[in-house]
>>> print(open('upload.cif').read())   # mmCIF, C-alpha atoms and all ligand atoms
data_upload
loop_
_atom_site.group_PDB
_atom_site.id
_atom_site.type_symbol
_atom_site.label_atom_id
_atom_site.label_comp_id
_atom_site.auth_asym_id
_atom_site.auth_seq_id
_atom_site.Cartn_x
_atom_site.Cartn_y
_atom_site.Cartn_z
ATOM 1 C CA MET A 463 111.651 125.657 52.237
ATOM 2 C CA ARG A 464 111.819 122.272 50.527
ATOM 3 C CA ARG A 465 115.523 121.929 51.444
ATOM 4 C CA ARG A 466 114.762 122.780 55.102
ATOM 5 C CA LEU A 467 112.037 120.154 55.220
ATOM 6 C CA SER A 468 114.369 117.633 53.695
ATOM 7 C CA ARG A 469 117.013 118.342 56.375
ATOM 8 C CA ILE A 470 114.458 117.870 59.162
ATOM 9 C CA VAL A 471 113.260 114.552 57.704
ATOM 10 C CA HIS A 472 116.857 113.440 57.331
ATOM 11 C CA ARG A 473 117.739 114.267 60.955
ATOM 12 C CA THR A 474 114.523 112.721 62.337
ATOM 13 C CA GLY A 475 115.359 109.543 60.463
ATOM 14 C CA TRP A 476 118.754 109.326 62.176
ATOM 15 C CA VAL A 477 117.175 109.885 65.635
ATOM 16 C CA CYS A 478 114.564 107.156 65.034
ATOM 17 C CA ALA A 479 117.230 104.779 63.839
ATOM 18 C CA GLY A 480 119.305 105.549 66.954
ATOM 19 C CA VAL A 481 116.391 104.821 69.286
ATOM 20 C CA MET A 482 115.658 101.545 67.490
ATOM 21 C CA LEU A 483 119.300 100.518 67.740
ATOM 22 C CA SER A 484 119.406 101.450 71.441
ATOM 23 C CA LEU A 485 116.283 99.428 72.256
ATOM 24 C CA SER A 486 117.430 96.404 70.306
ATOM 25 C CA THR A 487 120.887 96.312 71.850
ATOM 26 C CA SER A 488 120.155 97.282 75.485
ATOM 27 C CA ALA A 489 119.316 93.710 76.528
ATOM 28 C CA ALA A 490 122.627 92.558 75.144
ATOM 29 C CA PHE A 491 124.753 95.307 76.756
ATOM 30 C CA PHE A 492 123.078 95.770 80.162
ATOM 31 C CA GLU A 493 122.464 93.297 82.934
ATOM 32 C CA GLU A 494 119.060 93.266 84.619
ATOM 33 C CA TRP A 495 119.013 94.813 88.127
ATOM 34 C CA LYS A 496 117.547 92.620 90.828
ATOM 35 C CA SER A 497 116.626 93.680 94.366
ATOM 36 C CA GLY A 498 118.377 90.772 96.044
ATOM 37 C CA VAL A 499 115.430 90.210 98.365
ATOM 38 C CA ASN A 500 113.971 86.750 98.667
ATOM 39 C CA TRP A 501 110.328 87.660 98.978
ATOM 40 C CA THR A 502 107.841 85.153 100.266
ATOM 41 C CA GLU A 503 105.325 84.316 97.594
ATOM 42 C CA PRO A 504 102.142 86.356 98.211
ATOM 43 C CA ALA A 505 99.238 84.203 99.387
ATOM 44 C CA VAL A 506 96.637 83.487 96.771
ATOM 45 C CA ILE A 507 93.186 84.671 97.846
ATOM 46 C CA THR A 508 89.836 85.109 96.149
ATOM 47 C CA PRO A 509 88.486 88.667 96.098
ATOM 48 C CA GLY A 510 84.829 89.143 96.952
ATOM 49 C CA ASP A 511 82.251 90.390 94.485
ATOM 50 C CA GLY A 512 81.649 94.096 95.089
ATOM 51 C CA THR A 513 81.844 94.673 98.832
ATOM 52 C CA ALA A 514 81.700 90.983 99.746
ATOM 53 C CA PRO A 515 84.594 89.756 101.892
ATOM 54 C CA PRO A 516 87.684 88.293 100.257
ATOM 55 C CA SER A 517 88.496 84.693 101.129
ATOM 56 C CA ASP A 518 91.035 85.585 103.844
ATOM 57 C CA ALA A 519 88.754 87.957 105.767
ATOM 58 C CA VAL A 520 87.219 87.321 109.173
ATOM 59 C CA VAL A 521 83.512 87.962 108.790
ATOM 60 C CA LEU A 522 82.318 89.721 111.928
ATOM 61 C CA PHE A 523 78.730 90.253 110.852
ATOM 62 C CA ASP A 524 76.811 89.083 107.812
ATOM 63 C CA GLY A 525 73.216 89.307 108.944
ATOM 64 C CA GLY A 526 71.737 86.951 111.485
ATOM 65 C CA ASP A 527 73.117 87.527 114.953
ATOM 66 C CA LEU A 528 76.303 88.919 116.476
ATOM 67 C CA GLU A 529 77.863 85.750 117.809
ATOM 68 C CA GLN A 530 81.384 87.064 117.231
ATOM 69 C CA TRP A 531 80.828 89.974 119.611
ATOM 70 C CA ASN A 532 80.620 90.542 123.368
ATOM 71 C CA GLY A 533 78.177 92.892 125.110
ATOM 72 C CA VAL A 534 75.222 92.392 122.773
ATOM 73 C CA LYS A 535 72.064 93.733 124.456
ATOM 74 C CA ASN A 536 68.913 95.258 123.030
ATOM 75 C CA TRP A 537 70.069 94.909 119.450
ATOM 76 C CA THR A 538 67.415 94.048 116.877
ATOM 77 C CA PHE A 539 68.117 91.870 113.896
ATOM 78 C CA THR A 540 66.837 91.187 110.432
ATOM 79 C CA GLU A 541 68.267 88.812 107.866
ATOM 80 C CA ASP A 542 70.376 91.584 106.401
ATOM 81 C CA TYR A 543 71.270 93.996 109.147
ATOM 82 C CA ALA A 544 71.318 94.726 112.876
ATOM 83 C CA VAL A 545 70.278 97.835 114.787
ATOM 84 C CA VAL A 546 72.614 98.947 117.540
ATOM 85 C CA GLY A 547 71.359 98.601 121.107
ATOM 86 C CA SER A 548 74.533 98.490 123.215
ATOM 87 C CA ASN A 549 78.289 98.957 123.016
ATOM 88 C CA ILE A 550 79.835 95.773 121.676
ATOM 89 C CA SER A 551 83.377 94.524 121.188
ATOM 90 C CA SER A 552 84.648 91.701 119.037
ATOM 91 C CA LYS A 553 85.622 88.481 120.780
ATOM 92 C CA GLU A 554 88.777 88.348 118.699
ATOM 93 C CA GLY A 555 91.479 91.013 118.871
ATOM 94 C CA PHE A 556 92.962 92.742 115.850
ATOM 95 C CA GLY A 557 96.027 94.874 115.185
ATOM 96 C CA ASP A 558 97.113 96.149 111.776
ATOM 97 C CA CYS A 559 94.038 95.579 109.674
ATOM 98 C CA GLN A 560 91.757 96.362 106.772
ATOM 99 C CA LEU A 561 88.170 96.798 107.927
ATOM 100 C CA HIS A 562 85.022 97.028 105.857
ATOM 101 C CA LEU A 563 81.646 97.857 107.325
ATOM 102 C CA GLU A 564 78.377 99.317 106.187
ATOM 103 C CA PHE A 565 76.094 101.521 108.227
ATOM 104 C CA ALA A 566 72.970 103.594 107.841
ATOM 105 C CA THR A 567 71.885 106.421 110.114
ATOM 106 C CA PRO A 568 68.111 106.540 110.817
ATOM 107 C CA ALA A 569 65.908 107.462 107.851
ATOM 108 C CA GLU A 570 63.671 109.357 110.216
ATOM 109 C CA VAL A 571 65.754 112.353 111.199
ATOM 110 C CA SER A 572 65.669 113.128 114.894
ATOM 111 C CA GLY A 573 67.899 115.338 117.018
ATOM 112 C CA GLN A 574 70.744 117.513 115.862
ATOM 113 C CA GLY A 575 74.512 117.856 116.103
ATOM 114 C CA GLN A 576 76.034 114.937 117.966
ATOM 115 C CA GLY A 577 72.554 113.643 118.800
ATOM 116 C CA ARG A 578 71.707 112.622 115.229
ATOM 117 C CA GLY A 579 72.661 109.153 114.038
ATOM 118 C CA ASN A 580 75.635 108.866 116.362
ATOM 119 C CA SER A 581 77.644 105.664 116.678
ATOM 120 C CA GLY A 582 81.298 104.910 116.086
ATOM 121 C CA VAL A 583 83.932 102.396 115.113
ATOM 122 C CA TYR A 584 86.558 102.001 117.836
ATOM 123 C CA LEU A 585 89.739 100.519 116.431
ATOM 124 C CA MET A 586 91.425 98.508 119.175
ATOM 125 C CA GLY A 587 88.587 99.735 121.388
ATOM 126 C CA ARG A 588 90.285 103.143 121.688
ATOM 127 C CA TYR A 589 90.502 105.040 118.435
ATOM 128 C CA GLU A 590 87.121 106.202 117.157
ATOM 129 C CA VAL A 591 86.190 106.748 113.536
ATOM 130 C CA GLN A 592 82.999 108.702 114.083
ATOM 131 C CA ILE A 593 79.657 107.612 112.684
ATOM 132 C CA LEU A 594 77.119 110.430 112.567
ATOM 133 C CA ASP A 595 74.334 111.732 110.377
ATOM 134 C CA SER A 596 76.325 114.622 108.915
ATOM 135 C CA TYR A 597 74.000 115.185 105.982
ATOM 136 C CA GLU A 598 72.982 118.816 106.397
ATOM 137 C CA ASN A 599 73.693 118.529 110.093
ATOM 138 C CA THR A 600 76.520 120.671 111.390
ATOM 139 C CA THR A 601 78.528 119.961 114.486
ATOM 140 C CA TYR A 602 82.160 120.527 115.439
ATOM 141 C CA PHE A 603 84.177 119.432 112.427
ATOM 142 C CA ASP A 604 86.463 117.045 114.269
ATOM 143 C CA GLY A 605 83.319 115.335 115.543
ATOM 144 C CA GLN A 606 81.363 114.957 112.304
ATOM 145 C CA CYS A 607 80.959 111.716 110.382
ATOM 146 C CA ALA A 608 84.285 110.141 109.353
ATOM 147 C CA SER A 609 86.262 112.340 111.722
ATOM 148 C CA LEU A 610 88.862 110.821 113.991
ATOM 149 C CA TYR A 611 87.013 111.976 117.013
ATOM 150 C CA LYS A 612 88.316 115.296 118.349
ATOM 151 C CA GLN A 613 91.567 114.850 116.440
ATOM 152 C CA HIS A 614 90.967 115.357 112.747
ATOM 153 C CA PRO A 615 87.980 116.263 110.522
ATOM 154 C CA PRO A 616 87.374 114.298 107.336
ATOM 155 C CA LEU A 617 88.978 115.752 104.219
ATOM 156 C CA VAL A 618 85.500 116.106 102.717
ATOM 157 C CA ASN A 619 81.941 115.418 103.819
ATOM 158 C CA ALA A 620 81.040 112.335 101.741
ATOM 159 C CA CYS A 621 77.849 111.440 103.633
ATOM 160 C CA ARG A 622 74.814 110.007 101.924
ATOM 161 C CA LYS A 623 71.315 110.963 102.974
ATOM 162 C CA PRO A 624 69.801 109.658 106.231
ATOM 163 C CA GLY A 625 68.625 106.063 105.859
ATOM 164 C CA GLU A 626 70.932 105.273 102.920
ATOM 165 C CA TRP A 627 73.585 102.610 103.278
ATOM 166 C CA GLN A 628 77.149 103.886 103.474
ATOM 167 C CA THR A 629 80.507 102.152 103.482
ATOM 168 C CA TYR A 630 83.659 102.549 105.493
ATOM 169 C CA ASP A 631 86.887 100.983 104.315
ATOM 170 C CA ILE A 632 89.522 101.532 106.938
ATOM 171 C CA LEU A 633 93.239 100.790 106.885
ATOM 172 C CA PHE A 634 94.797 100.821 110.307
ATOM 173 C CA THR A 635 98.350 100.522 111.565
ATOM 174 C CA ALA A 636 98.392 99.776 115.266
ATOM 175 C CA PRO A 637 100.691 101.708 117.593
ATOM 176 C CA ARG A 638 103.698 99.969 119.115
ATOM 177 C CA PHE A 639 104.973 100.463 122.654
ATOM 178 C CA HIS A 640 108.288 99.924 124.378
ATOM 179 C CA ALA A 641 108.481 97.486 127.270
ATOM 180 C CA ASP A 642 108.273 100.418 129.713
ATOM 181 C CA GLY A 643 104.970 101.526 128.161
ATOM 182 C CA LYS A 644 106.298 104.516 126.241
ATOM 183 C CA LEU A 645 105.113 105.015 122.704
ATOM 184 C CA LYS A 646 107.433 103.511 120.112
ATOM 185 C CA THR A 647 105.464 104.259 116.934
ATOM 186 C CA PRO A 648 102.012 105.901 116.663
ATOM 187 C CA ALA A 649 98.889 104.537 115.026
ATOM 188 C CA TYR A 650 97.921 105.547 111.493
ATOM 189 C CA VAL A 651 94.467 105.552 109.966
ATOM 190 C CA THR A 652 93.231 105.801 106.393
ATOM 191 C CA VAL A 653 89.477 105.924 105.794
ATOM 192 C CA LEU A 654 87.413 105.750 102.632
ATOM 193 C CA GLN A 655 83.751 106.649 103.039
ATOM 194 C CA ASN A 656 81.538 105.552 100.172
ATOM 195 C CA GLY A 657 84.707 105.065 98.129
ATOM 196 C CA VAL A 658 85.985 108.593 98.845
ATOM 197 C CA LEU A 659 89.248 109.163 100.697
ATOM 198 C CA VAL A 660 88.369 111.066 103.856
ATOM 199 C CA GLN A 661 91.339 110.300 106.125
ATOM 200 C CA ASN A 662 94.741 109.890 104.522
ATOM 201 C CA HIS A 663 97.233 108.006 106.677
ATOM 202 C CA TYR A 664 96.525 110.270 109.638
ATOM 203 C CA GLU A 665 98.880 109.907 112.577
ATOM 204 C CA LEU A 666 96.716 109.437 115.637
ATOM 205 C CA GLN A 667 97.679 111.492 118.664
ATOM 206 C CA GLY A 668 96.381 108.812 121.024
ATOM 207 C CA GLY A 669 93.053 107.477 122.207
ATOM 208 C CA THR A 670 89.962 109.514 121.302
ATOM 209 C CA TYR A 671 88.027 110.858 124.278
ATOM 210 C CA TYR A 672 85.046 113.109 124.879
ATOM 211 C CA GLU A 673 86.348 114.667 128.066
ATOM 212 C CA ASN A 674 90.129 114.476 127.686
ATOM 213 C CA PRO A 675 92.776 115.350 125.129
ATOM 214 C CA PRO A 676 94.149 112.435 123.125
ATOM 215 C CA SER A 677 96.829 110.380 124.764
ATOM 216 C CA TYR A 678 98.385 106.983 124.393
ATOM 217 C CA GLU A 679 98.204 104.252 126.968
ATOM 218 C CA ALA A 680 100.179 101.105 126.306
ATOM 219 C CA HIS A 681 98.161 98.131 125.147
ATOM 220 C CA GLY A 682 98.600 94.871 123.303
ATOM 221 C CA LEU A 683 99.318 94.319 119.641
ATOM 222 C CA ARG A 684 95.829 92.919 119.157
ATOM 223 C CA GLU A 685 92.754 94.390 120.828
ATOM 224 C CA PRO A 686 89.010 93.989 120.205
ATOM 225 C CA LEU A 687 87.216 96.156 117.685
ATOM 226 C CA ALA A 688 84.247 97.999 119.233
ATOM 227 C CA LEU A 689 81.046 99.600 117.979
ATOM 228 C CA GLN A 690 79.435 102.423 119.929
ATOM 229 C CA PHE A 691 75.868 102.742 121.155
ATOM 230 C CA HIS A 692 75.030 106.431 121.482
ATOM 231 C CA GLY A 693 71.272 106.137 121.850
ATOM 232 C CA ASN A 694 70.487 106.357 118.128
ATOM 233 C CA PRO A 695 69.197 103.361 116.103
ATOM 234 C CA VAL A 696 72.057 103.129 113.614
ATOM 235 C CA ARG A 697 72.021 100.017 111.405
ATOM 236 C CA PHE A 698 75.005 97.845 110.504
ATOM 237 C CA ARG A 699 75.661 95.130 107.945
ATOM 238 C CA ASN A 700 78.494 93.384 106.096
ATOM 239 C CA ILE A 701 81.351 93.779 108.561
ATOM 240 C CA TRP A 702 84.603 92.023 107.731
ATOM 241 C CA ILE A 703 88.222 92.482 108.648
ATOM 242 C CA ARG A 704 91.606 91.292 107.402
ATOM 243 C CA ASP A 705 94.895 91.130 109.236
ATOM 244 C CA LEU A 706 97.598 93.131 107.514
ATOM 245 C CA LEU A 707 100.760 91.152 108.012
ATOM 246 C CA PRO A 708 104.161 92.268 106.744
ATOM 247 C CA VAL A 709 105.542 90.319 103.842
ATOM 248 C CA GLU A 710 108.350 88.243 105.203
ATOM 249 C CA GLU A 711 111.643 88.892 103.574
ATOM 250 C CA GLN A 712 115.107 87.545 103.724
ATOM 251 C CA LYS A 713 117.799 89.802 102.403
ATOM 252 C CA ARG A 714 120.722 88.348 100.628
ATOM 253 C CA ASP A 715 123.698 89.709 98.831
ATOM 254 C CA VAL A 716 123.313 90.210 95.184
ATOM 255 C CA VAL A 717 125.956 88.044 93.626
ATOM 256 C CA ALA A 718 126.805 87.660 90.048
ATOM 257 C CA ALA A 719 125.388 84.159 90.056
ATOM 258 C CA ASP A 720 121.923 85.522 90.880
ATOM 259 C CA ARG A 721 121.937 87.898 87.999
ATOM 260 C CA GLY A 722 120.395 86.988 84.753
ATOM 261 C CA GLN A 723 118.490 84.027 86.212
HETATM 262 MG MG MG B 801 80.346 108.409 118.122
#
>>> encode(input="upload.cif", output="structure tokens", more="lines below")
Ligand code: MG
Amino acid sequence: MRRRLSRIVHRTGWVCAGVMLSLSTSAAFFEEWKSGVNWTEPAVITPGDGTAPPSDAVVLFDGGDLEQWNGVKNWTFTEDYAVVGSNISSKEGFGDCQLHLEFATPAEVSGQGQGRGNSGVYLMGRYEVQILDSYENTTYFDGQCASLYKQHPPLVNACRKPGEWQTYDILFTAPRFHADGKLKTPAYVTVLQNGVLVQNHYELQGGTYYENPPSYEAHGLREPLALQFHGNPVRFRNIWIRDLLPVEEQKRDVVAADRGQ
């Protein structure tokens, strides 16, 4: 037994020594691999505290009024939030983007199904991420809160109780169209509701409609964001959006001179 143990210790010692030797000599024997891509230096921004906007965001609503939006009628305002009173669309257009917004369905529960706390976020004015009071309120699943309306239910129901503030963090890739209007690449949507992933890079089948199946119609690379008025006093606050721009790159050949720099 003692001799067996001794052999094991002896062998383990050689393995450890080999690993040490390999680690200490690898830098000397192997050249570092480099991608050969001249990346643009990422912009330096300041993140916000909590859900506050980062420094490069466009703030679309931060209490007060809705001066960055068109179509504002019958909305009511406090210092902190606004209550929906009409369909509105942002004055500025957006394409690929990161969107943060906070909403609360009415604390006083009224109606049922699609008639309870209904509103919606329309990306590019066409693709609705549903807002609904889906807390113990059943409706068709691809029409409940955080669904992509009539296309895809949320992965889970992450709704808070009526009257409580909730967050949406949405990542959106806009569709692209050929010059003749045909679809080149579809839109993709990722949604986190209250920090929970509820839509994971879903490929949109087209615009979201109540009366028609989804379909694409060619539009620009940047279109206004819209919020829906569905007759229910849904509240909104802290709405900000960031353009998602591709990192510019310039490929180059990897030459020996670039290595080891
Ligand atoms: Mg809706």
>>> residues_near_ligand(input="upload.cif", ligand="ligand MG 801 (chain B)", cutoff="9 Å", atoms="only C-alpha atoms and all ligand atoms", output="number ranges by chain")
A: 576, 579-584, 590-594, 605-607, 611, 689-692
>>> residues_around(input="upload.cif", residues="A:Val545", least_positions_apart="5", cutoff="7 Å", atoms="all atoms listed in the file", output="ChimeraX atom specification")
/A:537-539,695-698
>>> residues_near_point(input="upload.cif", point="(97.6, 94.7, 114.9)", cutoff="9 Å", atoms="only C-alpha atoms", output="VMD selection string")
chain A and resid 555 to 559 586 634 to 637 682 to 685 705 to 707
>>> residues_around(input="upload.cif", residues="A:Val658", least_positions_apart="2", cutoff="12 Å", atoms="all atoms listed in the file", output="ChimeraX atom specification")
/A:608,616-622,628-632,652-656,660-662
>>> resolve_selection(input="upload.cif", expression="the PyMOL selection byres (((chain A and resi 700) around 7) and not hetatm)", output="PDB file with C-alpha atoms, in the coordinates of the input")
ATOM      1  CA  PHE A 523      78.730  90.253 110.852  1.00  0.00           C
ATOM      2  CA  ASP A 524      76.811  89.083 107.812  1.00  0.00           C
ATOM      3  CA  LEU A 563      81.646  97.857 107.325  1.00  0.00           C
ATOM      4  CA  GLU A 564      78.377  99.317 106.187  1.00  0.00           C
ATOM      5  CA  ARG A 699      75.661  95.130 107.945  1.00  0.00           C
ATOM      6  CA  ILE A 701      81.351  93.779 108.561  1.00  0.00           C
ATOM      7  CA  TRP A 702      84.603  92.023 107.731  1.00  0.00           C
TER       8      TRP A 702
END
>>> residues_near_point(input="upload.cif", point="(98.3, 107.6, 124.8)", cutoff="12 Å", atoms="all atoms listed in the file", output="VMD selection string")
chain A and resid 588 to 589 637 to 639 643 to 649 666 to 671 674 to 681
>>> closest_residue(input="upload.cif", among="A:Gly577, A:Pro686, A:Gly587, A:Pro708", to="A:Trp501", atoms="all atoms listed in the file")
A:Pro708
>>> atom_distance(input="upload.cif", atom1="atom CA of A:Val521", atom2="atom CA of A:Thr540")
17.1 Å
>>> axis_aligned_box(input="upload.cif", around="stretch 555-563 of chain A", padding_each_side="8 Å", output="AutoDock Vina command-line options")
--center_x 89.4 --center_y 94.4 --center_z 112.4 --size_x 31.5 --size_y 22.8 --size_z 29.0
>>> atom_distance(input="upload.cif", atom1="atom CA of A:Ala641", atom2="atom CA of A:Ser551")
26.0 Å
